[in-house]
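Structure data follow from start25.pdb (PDB, C-alpha atoms):
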```pdb
MODEL        1
ATOM      1  CA  HIS A  23     154.642  50.466  96.311  1.00  0.00           C
ATOM      2  CA  ALA A  24     152.169  49.561  93.570  1.00  0.00           C
ATOM      3  CA  VAL A  25     154.024  48.590  90.416  1.00  0.00           C
ATOM      4  CA  LYS A  26     151.368  47.502  87.953  1.00  0.00           C
ATOM      5  CA  GLY A  27     147.617  47.026  88.154  1.00  0.00           C
ATOM      6  CA  GLY A  28     147.497  48.647  91.592  1.00  0.00           C
ATOM      7  CA  VAL A  29     149.509  45.869  93.252  1.00  0.00           C
ATOM      8  CA  CYS A  30     153.089  45.473  94.436  1.00  0.00           C
ATOM      9  CA  ILE A  31     155.619  42.929  93.149  1.00  0.00           C
ATOM     10  CA  ARG A  32     154.892  40.535  96.012  1.00  0.00           C
ATOM     11  CA  HIS A  33     151.221  40.333  95.009  1.00  0.00           C
ATOM     12  CA  GLY A  34     151.632  39.940  91.281  1.00  0.00           C
ATOM     13  CA  GLY A  35     152.745  43.312  89.942  1.00  0.00           C
ATOM     14  CA  THR A  36     155.406  43.218  87.235  1.00  0.00           C
ATOM     15  CA  PRO A  37     158.026  45.961  87.347  1.00  0.00           C
ATOM     16  CA  LYS A  38     158.929  47.725  84.125  1.00  0.00           C
ATOM     17  CA  ARG A  39     162.434  46.687  83.192  1.00  0.00           C
ATOM     18  CA  HIS A  40     164.668  48.146  80.507  1.00  0.00           C
ATOM     19  CA  ASN A  41     167.159  46.214  78.446  1.00  0.00           C
ATOM     20  CA  CYS A  42     170.799  47.201  78.151  1.00  0.00           C
ATOM     21  CA  ASN A  43     171.286  49.744  75.355  1.00  0.00           C
ATOM     22  CA  HIS A  44     174.477  48.049  74.184  1.00  0.00           C
ATOM     23  CA  GLU A  45     173.917  46.840  70.608  1.00  0.00           C
ATOM     24  CA  GLY A  46     172.595  43.273  70.498  1.00  0.00           C
ATOM     25  CA  CYS A  47     172.440  42.867  74.299  1.00  0.00           C
ATOM     26  CA  THR A  48     169.200  41.632  75.911  1.00  0.00           C
ATOM     27  CA  ASN A  49     170.349  41.773  79.547  1.00  0.00           C
ATOM     28  CA  HIS A  50     168.500  44.041  81.965  1.00  0.00           C
ATOM     29  CA  ALA A  51     169.942  47.509  82.427  1.00  0.00           C
ATOM     30  CA  VAL A  52     171.179  48.043  85.986  1.00  0.00           C
ATOM     31  CA  ASN A  53     172.151  51.699  85.847  1.00  0.00           C
ATOM     32  CA  GLY A  54     173.232  54.215  83.232  1.00  0.00           C
ATOM     33  CA  GLY A  55     171.205  52.301  80.660  1.00  0.00           C
ATOM     34  CA  ILE A  56     173.599  49.356  80.591  1.00  0.00           C
ATOM     35  CA  CYS A  57     173.953  45.941  82.232  1.00  0.00           C
ATOM     36  CA  ILE A  58     176.759  44.755  84.528  1.00  0.00           C
ATOM     37  CA  ARG A  59     178.476  42.972  81.638  1.00  0.00           C
ATOM     38  CA  HIS A  60     178.803  46.236  79.727  1.00  0.00           C
ATOM     39  CA  GLY A  61     180.046  48.430  82.543  1.00  0.00           C
ATOM     40  CA  ALA A  62     177.196  49.224  84.926  1.00  0.00           C
ATOM     41  CA  LYS A  63     178.644  49.909  88.375  1.00  0.00           C
ATOM     42  CA  THR A  64     177.135  47.972  91.265  1.00  0.00           C
ATOM     43  CA  LYS A  65     177.610  48.195  94.997  1.00  0.00           C
ATOM     44  CA  ARG A  66     179.796  45.501  96.503  1.00  0.00           C
ATOM     45  CA  CYS A  67     179.249  43.826  99.855  1.00  0.00           C
ATOM     46  CA  LYS A  68     180.886  45.847 102.656  1.00  0.00           C
ATOM     47  CA  HIS A  69     182.074  42.692 104.426  1.00  0.00           C
ATOM     48  CA  GLU A  70     185.877  42.647 104.420  1.00  0.00           C
ATOM     49  CA  GLY A  71     187.315  40.631 101.537  1.00  0.00           C
ATOM     50  CA  CYS A  72     183.924  39.927  99.922  1.00  0.00           C
ATOM     51  CA  THR A  73     183.394  40.789  96.240  1.00  0.00           C
ATOM     52  CA  ASN A  74     179.730  39.756  95.976  1.00  0.00           C
ATOM     53  CA  ILE A  75     177.102  42.295  94.953  1.00  0.00           C
ATOM     54  CA  ALA A  76     175.278  43.969  97.852  1.00  0.00           C
ATOM     55  CA  VAL A  77     171.578  43.023  97.915  1.00  0.00           C
ATOM     56  CA  ASN A  78     170.362  45.198 100.772  1.00  0.00           C
ATOM     57  CA  GLY A  79     171.768  46.786 103.923  1.00  0.00           C
ATOM     58  CA  GLY A  80     175.148  47.069 102.196  1.00  0.00           C
ATOM     59  CA  VAL A  81     175.768  43.311 102.348  1.00  0.00           C
ATOM     60  CA  CYS A  82     175.318  40.278 100.116  1.00  0.00           C
ATOM     61  CA  ILE A  83     173.117  37.262 100.885  1.00  0.00           C
ATOM     62  CA  SER A  84     176.071  35.324 102.301  1.00  0.00           C
ATOM     63  CA  HIS A  85     176.673  38.072 104.868  1.00  0.00           C
ATOM     64  CA  GLY A  86     173.138  38.698 106.079  1.00  0.00           C
ATOM     65  CA  ALA A  87     171.067  40.388 103.382  1.00  0.00           C
ATOM     66  CA  LYS A  88     167.442  39.328 103.764  1.00  0.00           C
ATOM     67  CA  ARG A  89     165.564  38.005 100.758  1.00  0.00           C
ATOM     68  CA  ILE A  90     161.824  37.853 100.121  1.00  0.00           C
ATOM     69  CA  THR A  91     160.331  34.385 100.568  1.00  0.00           C
ATOM     70  CA  CYS A  92     157.885  32.855  98.085  1.00  0.00           C
ATOM     71  CA  THR A  93     154.278  33.790  98.929  1.00  0.00           C
ATOM     72  CA  HIS A  94     152.963  30.316  98.059  1.00  0.00           C
ATOM     73  CA  GLU A  95     151.589  28.663 101.193  1.00  0.00           C
ATOM     74  CA  GLY A  96     154.181  26.516 102.968  1.00  0.00           C
ATOM     75  CA  CYS A  97     157.022  27.416 100.591  1.00  0.00           C
ATOM     76  CA  THR A  98     160.284  28.754 102.029  1.00  0.00           C
ATOM     77  CA  LYS A  99     162.182  29.261  98.772  1.00  0.00           C
ATOM     78  CA  HIS A 100     163.345  32.690  97.653  1.00  0.00           C
ATOM     79  CA  ALA A 101     160.933  34.701  95.514  1.00  0.00           C
ATOM     80  CA  ARG A 102     162.325  35.367  92.045  1.00  0.00           C
ATOM     81  CA  ASN A 103     159.676  37.640  90.582  1.00  0.00           C
ATOM     82  CA  GLY A 104     155.967  38.250  91.044  1.00  0.00           C
ATOM     83  CA  GLY A 105     156.379  37.264  94.692  1.00  0.00           C
ATOM     84  CA  VAL A 106     156.909  33.570  93.888  1.00  0.00           C
ATOM     85  CA  CYS A 107     159.788  31.158  93.332  1.00  0.00           C
ATOM     86  CA  ASN A 108     160.558  29.283  90.110  1.00  0.00           C
ATOM     87  CA  SER A 109     158.589  26.235  91.287  1.00  0.00           C
ATOM     88  CA  HIS A 110     155.435  28.305  91.794  1.00  0.00           C
ATOM     89  CA  GLY A 111     155.317  30.285  88.590  1.00  0.00           C
ATOM     90  CA  ALA A 112     158.116  32.849  88.536  1.00  0.00           C
ATOM     91  CA  LYS A 113     159.052  33.507  84.931  1.00  0.00           C
ATOM     92  CA  VAL A 114     162.690  32.861  84.103  1.00  0.00           C
ATOM     93  CA  ARG A 115     164.603  33.569  80.932  1.00  0.00           C
ATOM     94  CA  LEU A 116     165.675  30.447  79.064  1.00  0.00           C
ATOM     95  CA  CYS A 117     168.880  29.973  77.130  1.00  0.00           C
ATOM     96  CA  THR A 118     168.591  31.238  73.543  1.00  0.00           C
ATOM     97  CA  TYR A 119     170.506  28.250  72.193  1.00  0.00           C
ATOM     98  CA  GLU A 120     168.139  26.210  70.010  1.00  0.00           C
ATOM     99  CA  GLY A 121     166.500  23.370  71.942  1.00  0.00           C
ATOM    100  CA  CYS A 122     168.023  24.300  75.307  1.00  0.00           C
ATOM    101  CA  MET A 123     165.652  24.671  78.273  1.00  0.00           C
ATOM    102  CA  LYS A 124     168.228  25.745  80.870  1.00  0.00           C
ATOM    103  CA  GLN A 125     168.045  29.092  82.643  1.00  0.00           C
ATOM    104  CA  VAL A 126     170.034  32.053  81.324  1.00  0.00           C
ATOM    105  CA  VAL A 127     173.119  32.884  83.376  1.00  0.00           C
ATOM    106  CA  ASN A 128     174.316  35.894  81.393  1.00  0.00           C
ATOM    107  CA  GLY A 129     174.573  37.084  77.804  1.00  0.00           C
ATOM    108  CA  GLY A 130     171.332  35.300  76.914  1.00  0.00           C
ATOM    109  CA  VAL A 131     172.804  31.813  77.336  1.00  0.00           C
ATOM    110  CA  CYS A 132     173.379  29.188  80.019  1.00  0.00           C
ATOM    111  CA  THR A 133     176.781  28.072  81.283  1.00  0.00           C
ATOM    112  CA  ARG A 134     176.879  25.114  78.906  1.00  0.00           C
ATOM    113  CA  HIS A 135     176.409  27.380  75.884  1.00  0.00           C
ATOM    114  CA  GLY A 136     178.918  30.074  76.662  1.00  0.00           C
ATOM    115  CA  ALA A 137     177.785  32.134  79.647  1.00  0.00           C
ATOM    116  CA  LYS A 138     180.805  33.497  81.459  1.00  0.00           C
ATOM    117  CA  VAL A 139     181.018  32.708  85.158  1.00  0.00           C
ATOM    118  CA  ARG A 140     183.469  33.992  87.722  1.00  0.00           C
ATOM    119  CA  SER A 141     186.469  31.753  88.306  1.00  0.00           C
ATOM    120  CA  CYS A 142     188.297  31.265  91.582  1.00  0.00           C
ATOM    121  CA  LYS A 143     190.745  34.108  92.227  1.00  0.00           C
ATOM    122  CA  VAL A 144     193.547  31.702  93.179  1.00  0.00           C
ATOM    123  CA  GLU A 145     196.163  31.797  90.428  1.00  0.00           C
ATOM    124  CA  GLY A 146     195.848  28.871  88.012  1.00  0.00           C
ATOM    125  CA  CYS A 147     192.473  27.687  89.342  1.00  0.00           C
ATOM    126  CA  ALA A 148     189.574  27.443  86.872  1.00  0.00           C
ATOM    127  CA  ASN A 149     186.883  26.276  89.325  1.00  0.00           C
ATOM    128  CA  HIS A 150     183.737  28.361  89.748  1.00  0.00           C
ATOM    129  CA  VAL A 151     183.576  30.874  92.575  1.00  0.00           C
ATOM    130  CA  GLN A 152     181.387  29.694  95.440  1.00  0.00           C
ATOM    131  CA  GLN A 153     181.977  32.260  98.177  1.00  0.00           C
ATOM    132  CA  GLY A 154     184.340  35.139  98.922  1.00  0.00           C
ATOM    133  CA  GLY A 155     185.912  34.987  95.466  1.00  0.00           C
ATOM    134  CA  VAL A 156     187.187  31.416  95.859  1.00  0.00           C
ATOM    135  CA  CYS A 157     186.039  27.855  95.106  1.00  0.00           C
ATOM    136  CA  VAL A 158     185.430  25.097  97.655  1.00  0.00           C
ATOM    137  CA  ARG A 159     188.945  23.744  97.093  1.00  0.00           C
ATOM    138  CA  HIS A 160     190.467  27.085  98.136  1.00  0.00           C
ATOM    139  CA  GLY A 161     188.399  27.906 101.177  1.00  0.00           C
ATOM    140  CA  ALA A 162     184.761  28.572 100.247  1.00  0.00           C
ATOM    141  CA  LYS A 163     182.490  26.909 102.782  1.00  0.00           C
ATOM    142  CA  PRO A 164     179.610  24.928 101.220  1.00  0.00           C
ATOM    143  CA  LYS A 165     176.144  25.359 102.723  1.00  0.00           C
ATOM    144  CA  ILE A 166     175.015  22.649 105.138  1.00  0.00           C
ATOM    145  CA  CYS A 167     171.493  21.202 105.117  1.00  0.00           C
ATOM    146  CA  SER A 168     169.185  23.243 107.352  1.00  0.00           C
ATOM    147  CA  HIS A 169     167.485  20.124 108.742  1.00  0.00           C
ATOM    148  CA  GLU A 170     168.214  19.707 112.452  1.00  0.00           C
ATOM    149  CA  GLU A 171     171.405  17.718 113.178  1.00  0.00           C
ATOM    150  CA  CYS A 172     172.059  17.026 109.479  1.00  0.00           C
ATOM    151  CA  THR A 173     175.637  17.614 108.313  1.00  0.00           C
ATOM    152  CA  LYS A 174     175.181  16.877 104.606  1.00  0.00           C
ATOM    153  CA  TYR A 175     175.624  19.569 101.970  1.00  0.00           C
ATOM    154  CA  ALA A 176     172.513  21.512 100.953  1.00  0.00           C
ATOM    155  CA  VAL A 177     171.607  20.780  97.347  1.00  0.00           C
ATOM    156  CA  LYS A 178     168.496  22.871  96.770  1.00  0.00           C
ATOM    157  CA  GLY A 179     166.121  24.944  98.886  1.00  0.00           C
ATOM    158  CA  GLY A 180     168.535  24.860 101.826  1.00  0.00           C
ATOM    159  CA  VAL A 181     168.266  21.086 102.300  1.00  0.00           C
ATOM    160  CA  CYS A 182     170.042  17.948 101.159  1.00  0.00           C
ATOM    161  CA  ILE A 183     168.473  15.248  98.967  1.00  0.00           C
ATOM    162  CA  SER A 184     167.609  13.130 102.019  1.00  0.00           C
ATOM    163  CA  HIS A 185     165.531  15.977 103.469  1.00  0.00           C
ATOM    164  CA  GLY A 186     163.562  16.987 100.402  1.00  0.00           C
ATOM    165  CA  ALA A 187     165.802  18.663  97.846  1.00  0.00           C
ATOM    166  CA  LYS A 188     164.353  17.850  94.437  1.00  0.00           C
ATOM    167  CA  VAL A 189     166.842  16.790  91.784  1.00  0.00           C
ATOM    168  CA  LYS A 190     166.472  15.768  88.157  1.00  0.00           C
ATOM    169  CA  ILE A 191     166.473  12.032  87.484  1.00  0.00           C
ATOM    170  CA  CYS A 192     168.248  10.387  84.539  1.00  0.00           C
ATOM    171  CA  LYS A 193     165.985  10.184  81.476  1.00  0.00           C
ATOM    172  CA  VAL A 194     166.988   6.587  80.697  1.00  0.00           C
ATOM    173  CA  GLU A 195     163.952   4.376  81.350  1.00  0.00           C
ATOM    174  CA  GLY A 196     164.081   2.655  84.739  1.00  0.00           C
ATOM    175  CA  CYS A 197     167.085   4.639  85.993  1.00  0.00           C
ATOM    176  CA  THR A 198     166.766   6.585  89.258  1.00  0.00           C
ATOM    177  CA  ASN A 199     170.254   8.116  89.331  1.00  0.00           C
ATOM    178  CA  GLN A 200     170.713  11.880  89.493  1.00  0.00           C
ATOM    179  CA  VAL A 201     171.271  13.797  86.261  1.00  0.00           C
ATOM    180  CA  VAL A 202     174.788  15.138  85.822  1.00  0.00           C
ATOM    181  CA  ILE A 203     174.563  16.741  82.371  1.00  0.00           C
ATOM    182  CA  GLY A 204     172.568  16.366  79.179  1.00  0.00           C
ATOM    183  CA  GLY A 205     169.652  14.706  80.962  1.00  0.00           C
ATOM    184  CA  VAL A 206     171.619  11.578  81.872  1.00  0.00           C
ATOM    185  CA  CYS A 207     173.628  10.237  84.800  1.00  0.00           C
ATOM    186  CA  ARG A 208     177.293   9.198  84.753  1.00  0.00           C
ATOM    187  CA  ARG A 209     176.325   5.563  84.140  1.00  0.00           C
ATOM    188  CA  HIS A 210     174.393   6.433  80.984  1.00  0.00           C
ATOM    189  CA  GLY A 211     176.754   8.672  79.123  1.00  0.00           C
ATOM    190  CA  VAL A 212     178.502  11.251  81.306  1.00  0.00           C
ATOM    191  CA  GLY A 213     182.174  10.671  81.936  1.00  0.00           C
ATOM    192  CA  PRO A 214     183.380  11.362  85.488  1.00  0.00           C
ATOM    193  CA  LYS A 215     185.448  14.489  86.070  1.00  0.00           C
ATOM    194  CA  VAL A 216     189.119  13.753  86.592  1.00  0.00           C
ATOM    195  CA  CYS A 217     191.157  15.229  89.457  1.00  0.00           C
ATOM    196  CA  SER A 218     192.720  18.566  88.475  1.00  0.00           C
ATOM    197  CA  HIS A 219     196.029  17.755  90.200  1.00  0.00           C
ATOM    198  CA  GLU A 220     198.809  17.409  87.639  1.00  0.00           C
ATOM    199  CA  GLY A 221     199.352  13.804  86.565  1.00  0.00           C
ATOM    200  CA  CYS A 222     196.441  12.419  88.602  1.00  0.00           C
ATOM    201  CA  THR A 223     193.762  10.301  86.870  1.00  0.00           C
ATOM    202  CA  ASN A 224     191.526   9.654  89.899  1.00  0.00           C
ATOM    203  CA  GLN A 225     187.920  10.799  89.868  1.00  0.00           C
ATOM    204  CA  ALA A 226     187.326  14.292  91.263  1.00  0.00           C
ATOM    205  CA  VAL A 227     185.041  14.248  94.295  1.00  0.00           C
ATOM    206  CA  GLU A 228     184.858  17.862  95.463  1.00  0.00           C
ATOM    207  CA  GLY A 229     186.479  21.158  94.517  1.00  0.00           C
ATOM    208  CA  GLY A 230     187.979  19.576  91.398  1.00  0.00           C
ATOM    209  CA  VAL A 231     190.226  17.148  93.298  1.00  0.00           C
ATOM    210  CA  CYS A 232     190.096  13.499  94.385  1.00  0.00           C
ATOM    211  CA  ILE A 233     190.053  12.161  97.955  1.00  0.00           C
ATOM    212  CA  ARG A 234     193.776  11.510  97.804  1.00  0.00           C
TER     213      ARG A 234
ENDMDL
END
```
File written out as C-alpha coordinates:
Amino acid sequence: HAVKGGVCIRHGGTPKRHNCNHEGCTNHAVNGGICIRHGAKTKRCKHEGCTNIAVNGGVCISHGAKRITCTHEGCTKHARNGGVCNSHGAKVRLCTYEGCMKQVVNGGVCTRHGAKVRSCKVEGCANHVQQGGVCVRHGAKPKICSHEECTKYAVKGGVCISHGAKVKICKVEGCTNQVVIGGVCRRHGVGPKVCSHEGCTNQAVEGGVCIR
(Lines of atoms letter the chains of each structure in order from A and count residues from 1; the text may use other names and numbers.)
(Lines give C-alpha, C1' and ligand atoms only; values in the text may rest on other atoms or scores of the structure.)
Protein backbone atom coordinates (compact mmCIF):
# COMPACT_ATOMS: atom_id res chain seq x y z
CA HIS A 1 0.00 0.00 0.00
CA ALA A 2 1.17 3.53 -0.78
CA VAL A 3 1.99 5.37 2.43
CA LYS A 4 3.36 8.73 1.37
CA GLY A 5 4.20 10.31 -1.96
CA GLY A 6 2.56 7.44 -3.84
CA VAL A 7 5.11 4.87 -2.65
CA CYS A 8 5.14 2.10 -0.06
CA ILE A 9 7.44 1.89 2.98
CA ARG A 10 9.86 -0.41 1.17
CA HIS A 11 10.43 2.20 -1.55
CA GLY A 12 10.82 5.26 0.63
CA GLY A 13 7.37 6.09 1.97
CA THR A 14 7.23 7.20 5.60
CA PRO A 15 4.25 6.01 7.61
CA LYS A 16 2.44 8.51 9.80
CA ARG A 17 3.13 7.61 13.39
CA HIS A 18 1.49 8.99 16.51
CA ASN A 19 3.19 9.50 19.83
CA CYS A 20 1.86 8.09 23.08
CA ASN A 21 -0.69 10.46 24.64
CA HIS A 22 0.69 9.87 28.12
CA GLU A 23 1.99 13.21 29.44
CA GLY A 24 5.67 13.74 28.63
CA CYS A 25 6.05 10.45 26.71
CA THR A 26 7.58 10.51 23.20
CA ASN A 27 7.29 6.77 22.46
CA HIS A 28 5.19 5.66 19.50
CA ALA A 29 1.59 4.76 20.26
CA VAL A 30 0.90 1.08 19.60
CA ASN A 31 -2.83 0.94 20.22
CA GLY A 32 -5.41 2.87 22.21
CA GLY A 33 -3.28 5.98 21.82
CA ILE A 34 -0.59 4.74 24.19
CA CYS A 35 2.76 2.94 23.99
CA ILE A 36 3.64 -0.48 25.44
CA ARG A 37 5.28 1.14 28.47
CA HIS A 38 2.02 2.85 29.40
CA GLY A 39 -0.32 -0.09 28.97
CA ALA A 40 -0.85 -0.78 25.27
CA LYS A 41 -1.71 -4.46 24.83
CA THR A 42 0.33 -6.39 22.29
CA LYS A 43 0.02 -9.88 20.90
CA ARG A 44 2.47 -12.40 22.31
CA CYS A 45 4.16 -15.17 20.36
CA LYS A 46 1.96 -18.30 20.29
CA HIS A 47 4.96 -20.59 20.74
CA GLU A 48 4.64 -22.40 24.07
CA GLY A 49 6.53 -20.66 26.87
CA CYS A 50 7.58 -17.67 24.74
CA THR A 51 6.81 -14.14 25.96
CA ASN A 52 8.20 -12.22 22.97
CA ILE A 53 5.95 -9.93 20.95
CA ALA A 54 4.43 -11.52 17.84
CA VAL A 55 5.73 -9.87 14.65
CA ASN A 56 3.66 -11.68 12.04
CA GLY A 57 1.91 -15.03 11.64
CA GLY A 58 1.31 -15.10 15.39
CA VAL A 59 4.99 -15.74 16.17
CA CYS A 60 8.07 -13.73 17.09
CA ILE A 61 11.28 -13.53 15.04
CA SER A 62 12.91 -16.29 17.10
CA HIS A 63 10.09 -18.67 16.18
CA GLY A 64 9.80 -18.02 12.46
CA ALA A 65 8.35 -14.58 11.80
CA LYS A 66 9.75 -13.25 8.53
CA ARG A 67 11.28 -9.79 8.44
CA ILE A 68 11.81 -7.46 5.48
CA THR A 69 15.40 -7.34 4.24
CA CYS A 70 17.19 -4.08 3.42
CA THR A 71 16.60 -3.06 -0.22
CA HIS A 72 20.20 -1.87 -0.67
CA GLU A 73 21.94 -4.06 -3.24
CA GLY A 74 23.81 -6.97 -1.65
CA CYS A 75 22.66 -6.18 1.90
CA THR A 76 20.99 -8.92 3.96
CA LYS A 77 20.34 -6.93 7.14
CA HIS A 78 16.82 -6.31 8.41
CA ALA A 79 15.08 -3.17 7.16
CA ARG A 80 14.32 -0.75 9.98
CA ASN A 81 12.33 1.92 8.18
CA GLY A 82 12.08 3.31 4.67
CA GLY A 83 12.98 -0.14 3.36
CA VAL A 84 16.62 0.10 4.51
CA CYS A 85 18.74 -0.91 7.49
CA ASN A 86 20.57 1.45 9.86
CA SER A 87 23.78 1.18 7.82
CA HIS A 88 22.02 2.35 4.65
CA GLY A 89 20.10 5.33 5.92
CA ALA A 90 17.27 4.19 8.18
CA LYS A 91 16.56 6.95 10.67
CA VAL A 92 16.86 5.91 14.30
CA ARG A 93 16.00 7.83 17.44
CA LEU A 94 19.02 8.78 19.52
CA CYS A 95 19.20 8.93 23.28
CA THR A 96 18.01 12.29 24.65
CA TYR A 97 20.81 12.40 27.21
CA GLU A 98 23.09 15.33 26.35
CA GLY A 99 26.06 14.25 24.22
CA CYS A 100 24.95 10.62 23.87
CA MET A 101 24.78 9.17 20.35
CA LYS A 102 23.43 5.72 21.27
CA GLN A 103 20.10 4.44 19.99
CA VAL A 104 16.97 4.82 22.12
CA VAL A 105 15.82 1.60 23.77
CA ASN A 106 12.73 2.94 25.52
CA GLY A 107 11.56 6.03 27.36
CA GLY A 108 13.66 8.26 25.10
CA VAL A 109 16.98 6.99 26.47
CA CYS A 110 19.51 4.21 25.90
CA THR A 111 20.27 1.43 28.36
CA ARG A 112 23.23 3.30 29.82
CA HIS A 113 21.06 6.31 30.67
CA GLY A 114 18.12 4.58 32.28
CA ALA A 115 16.15 2.61 29.69
CA LYS A 116 14.48 -0.34 31.36
CA VAL A 117 15.21 -3.73 29.84
CA ARG A 118 13.66 -7.07 30.65
CA SER A 119 15.59 -9.14 33.18
CA CYS A 120 15.86 -12.91 33.25
CA LYS A 121 12.78 -14.48 34.85
CA VAL A 122 14.89 -16.78 37.04
CA GLU A 123 14.57 -15.60 40.64
CA GLY A 124 17.54 -13.50 41.75
CA CYS A 125 19.04 -13.13 38.26
CA ALA A 126 19.59 -9.59 36.93
CA ASN A 127 20.99 -10.54 33.50
CA HIS A 128 19.22 -9.30 30.37
CA VAL A 129 16.70 -11.56 28.68
CA GLN A 130 18.06 -13.10 25.49
CA GLN A 131 15.42 -15.64 24.49
CA GLY A 132 12.32 -17.26 25.97
CA GLY A 133 12.35 -14.98 29.01
CA VAL A 134 15.77 -16.13 30.22
CA CYS A 135 19.44 -15.12 29.87
CA VAL A 136 22.22 -17.23 28.34
CA ARG A 137 23.22 -18.48 31.79
CA HIS A 138 19.74 -19.93 32.35
CA GLY A 139 19.09 -21.57 29.02
CA ALA A 140 18.80 -18.99 26.23
CA LYS A 141 20.65 -20.23 23.17
CA PRO A 142 22.92 -17.60 21.56
CA LYS A 143 22.81 -17.25 17.77
CA ILE A 144 25.59 -18.99 15.85
CA CYS A 145 27.38 -17.38 12.90
CA SER A 146 25.55 -18.13 9.64
CA HIS A 147 28.81 -18.72 7.75
CA GLU A 148 29.11 -22.35 6.64
CA GLU A 149 30.77 -24.61 9.25
CA CYS A 150 31.43 -21.71 11.65
CA THR A 151 30.51 -22.35 15.28
CA LYS A 152 31.33 -18.92 16.72
CA TYR A 153 28.63 -16.67 18.15
CA ALA A 154 27.01 -14.19 15.76
CA VAL A 155 27.87 -10.63 16.75
CA LYS A 156 26.10 -8.53 14.13
CA GLY A 157 24.25 -9.14 10.88
CA GLY A 158 24.06 -12.88 11.59
CA VAL A 159 27.84 -13.38 11.43
CA CYS A 160 30.80 -13.39 13.78
CA ILE A 161 33.66 -10.88 13.68
CA SER A 162 35.82 -13.26 11.64
CA HIS A 163 33.18 -13.39 8.90
CA GLY A 164 32.40 -9.71 8.56
CA ALA A 165 30.54 -8.43 11.60
CA LYS A 166 31.53 -4.79 12.03
CA VAL A 167 32.37 -3.71 15.56
CA LYS A 168 33.46 -0.40 17.06
CA ILE A 169 37.18 -0.02 17.68
CA CYS A 170 38.68 1.63 20.78
CA LYS A 171 39.13 5.38 20.28
CA VAL A 172 42.62 5.39 21.82
CA GLU A 173 45.11 6.13 19.03
CA GLY A 174 46.78 3.00 17.66
CA CYS A 175 44.49 0.58 19.53
CA THR A 176 42.55 -2.02 17.53
CA ASN A 177 40.69 -3.66 20.42
CA GLN A 178 36.90 -3.81 20.44
CA VAL A 179 34.97 -1.13 22.32
CA VAL A 180 33.29 -2.34 25.50
CA ILE A 181 31.76 0.89 26.82
CA GLY A 182 32.36 4.62 26.63
CA GLY A 183 34.28 4.35 23.36
CA VAL A 184 37.19 2.44 24.90
CA CYS A 185 38.29 -1.16 25.37
CA ARG A 186 38.97 -2.92 28.68
CA ARG A 187 42.69 -2.13 28.42
CA HIS A 188 42.05 1.61 28.17
CA GLY A 189 39.61 2.25 30.94
CA VAL A 190 36.85 -0.35 31.22
CA GLY A 191 37.06 -2.68 34.18
CA PRO A 192 36.21 -6.34 33.48
CA LYS A 193 32.89 -7.66 34.75
CA VAL A 194 33.26 -9.90 37.77
CA CYS A 195 31.56 -13.30 38.07
CA SER A 196 28.10 -12.99 39.63
CA HIS A 197 28.56 -16.13 41.77
CA GLU A 198 28.66 -15.22 45.45
CA GLY A 199 32.21 -14.73 46.73
CA CYS A 200 33.85 -15.22 43.32
CA THR A 201 36.24 -12.54 41.98
CA ASN A 202 37.07 -14.18 38.63
CA GLN A 203 36.28 -12.37 35.40
CA ALA A 204 32.85 -13.12 33.93
CA VAL A 205 33.09 -14.70 30.48
CA GLU A 206 29.49 -15.43 29.47
CA GLY A 207 26.07 -15.19 31.08
CA GLY A 208 27.53 -13.25 34.01
CA VAL A 209 29.70 -16.12 35.26
CA CYS A 210 33.33 -17.22 34.92
CA ILE A 211 34.63 -20.41 33.29
CA ARG A 212 34.92 -22.08 36.67
Next on the checklist: Calculated over all atoms listed in the file, which of the candidates A:Asn128, A:Tyr119, A:Asn108, A:Ile83 has the smallest distance to Thr48 (chain A)?
Outcome noted: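 Among the listed residues, the smallest separation from Thr48 (chain A) belongs to A:Asn128.
Among the candidates A:Arg159, A:His40, A:Arg89, A:His169, the residue lying nearest to Cys57 (chain A) is A:His40 (atoms considered: all atoms listed in the file).
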Checklist entry - In Å, how far is it from CA of Cys107 (chain A) to CA of Thr73 (chain A)? => result 25.7 Å
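With all atoms listed in the file taken into account, the protein and nucleic acid residues at most 6 Å from Val181 (chain A) (excluding it and anything under 6 positions from it in its own chain) are Cys167, Ser168 and Ala187 of chain A.
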Checklist entry - Please, which residues are within 9 Å of (177.7, 36.2, 103.3) by the file's coordinates, counting only C-alpha atoms, and could they come as a PyMOL selection string? => result chain A and resi 67+69+72+74+81-87+153-154
Item to check | Selection near region 129-132 of chain A, 8 Å with all atoms listed in the file, sequence-local residues under 4 positions removed, as a ChimeraX atom specification | outcome: /A:47-49,116-119,124-125,136-137
Checklist entry - For the file shown, what are the residues hit by the PyMOL selection byres ((chain A and resi 92) around 12), laid out as number ranges by chain? => result A: 31-34, 89-91, 93-112, 179
Taking all listed atoms of region 92-99 of chain A, build the axis-aligned box, pad each of the six sides by 3 Å, then write its centre and edge lengths in Å to one decimal as lines of an AutoDock Vina configuration file.
```
center_x = 156.9
center_y = 30.2
center_z = 100.5
size_x = 16.6
size_y = 13.3
size_z = 10.9
```
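Note that the spacing between CA of Gly205 (chain A) and CA of Lys193 (chain A) amounts to 5.8 Å.
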Checklist entry - Got a sec to resolve the PyMOL selection byres ((chain A and resi 163) around 12) on this structure and send the residues as a list in words? => result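 The output of the PyMOL selection byres ((chain A and resi 163) around 12) on this file is Ser84, Val151, Gln152, Gln153, Gly154, Gly155, Val156, Cys157, Val158, Arg159, His160, Gly161, Ala162, Pro164, Lys165, Ile166, Tyr175, Ala176, Glu228 and Gly229 of chain A.
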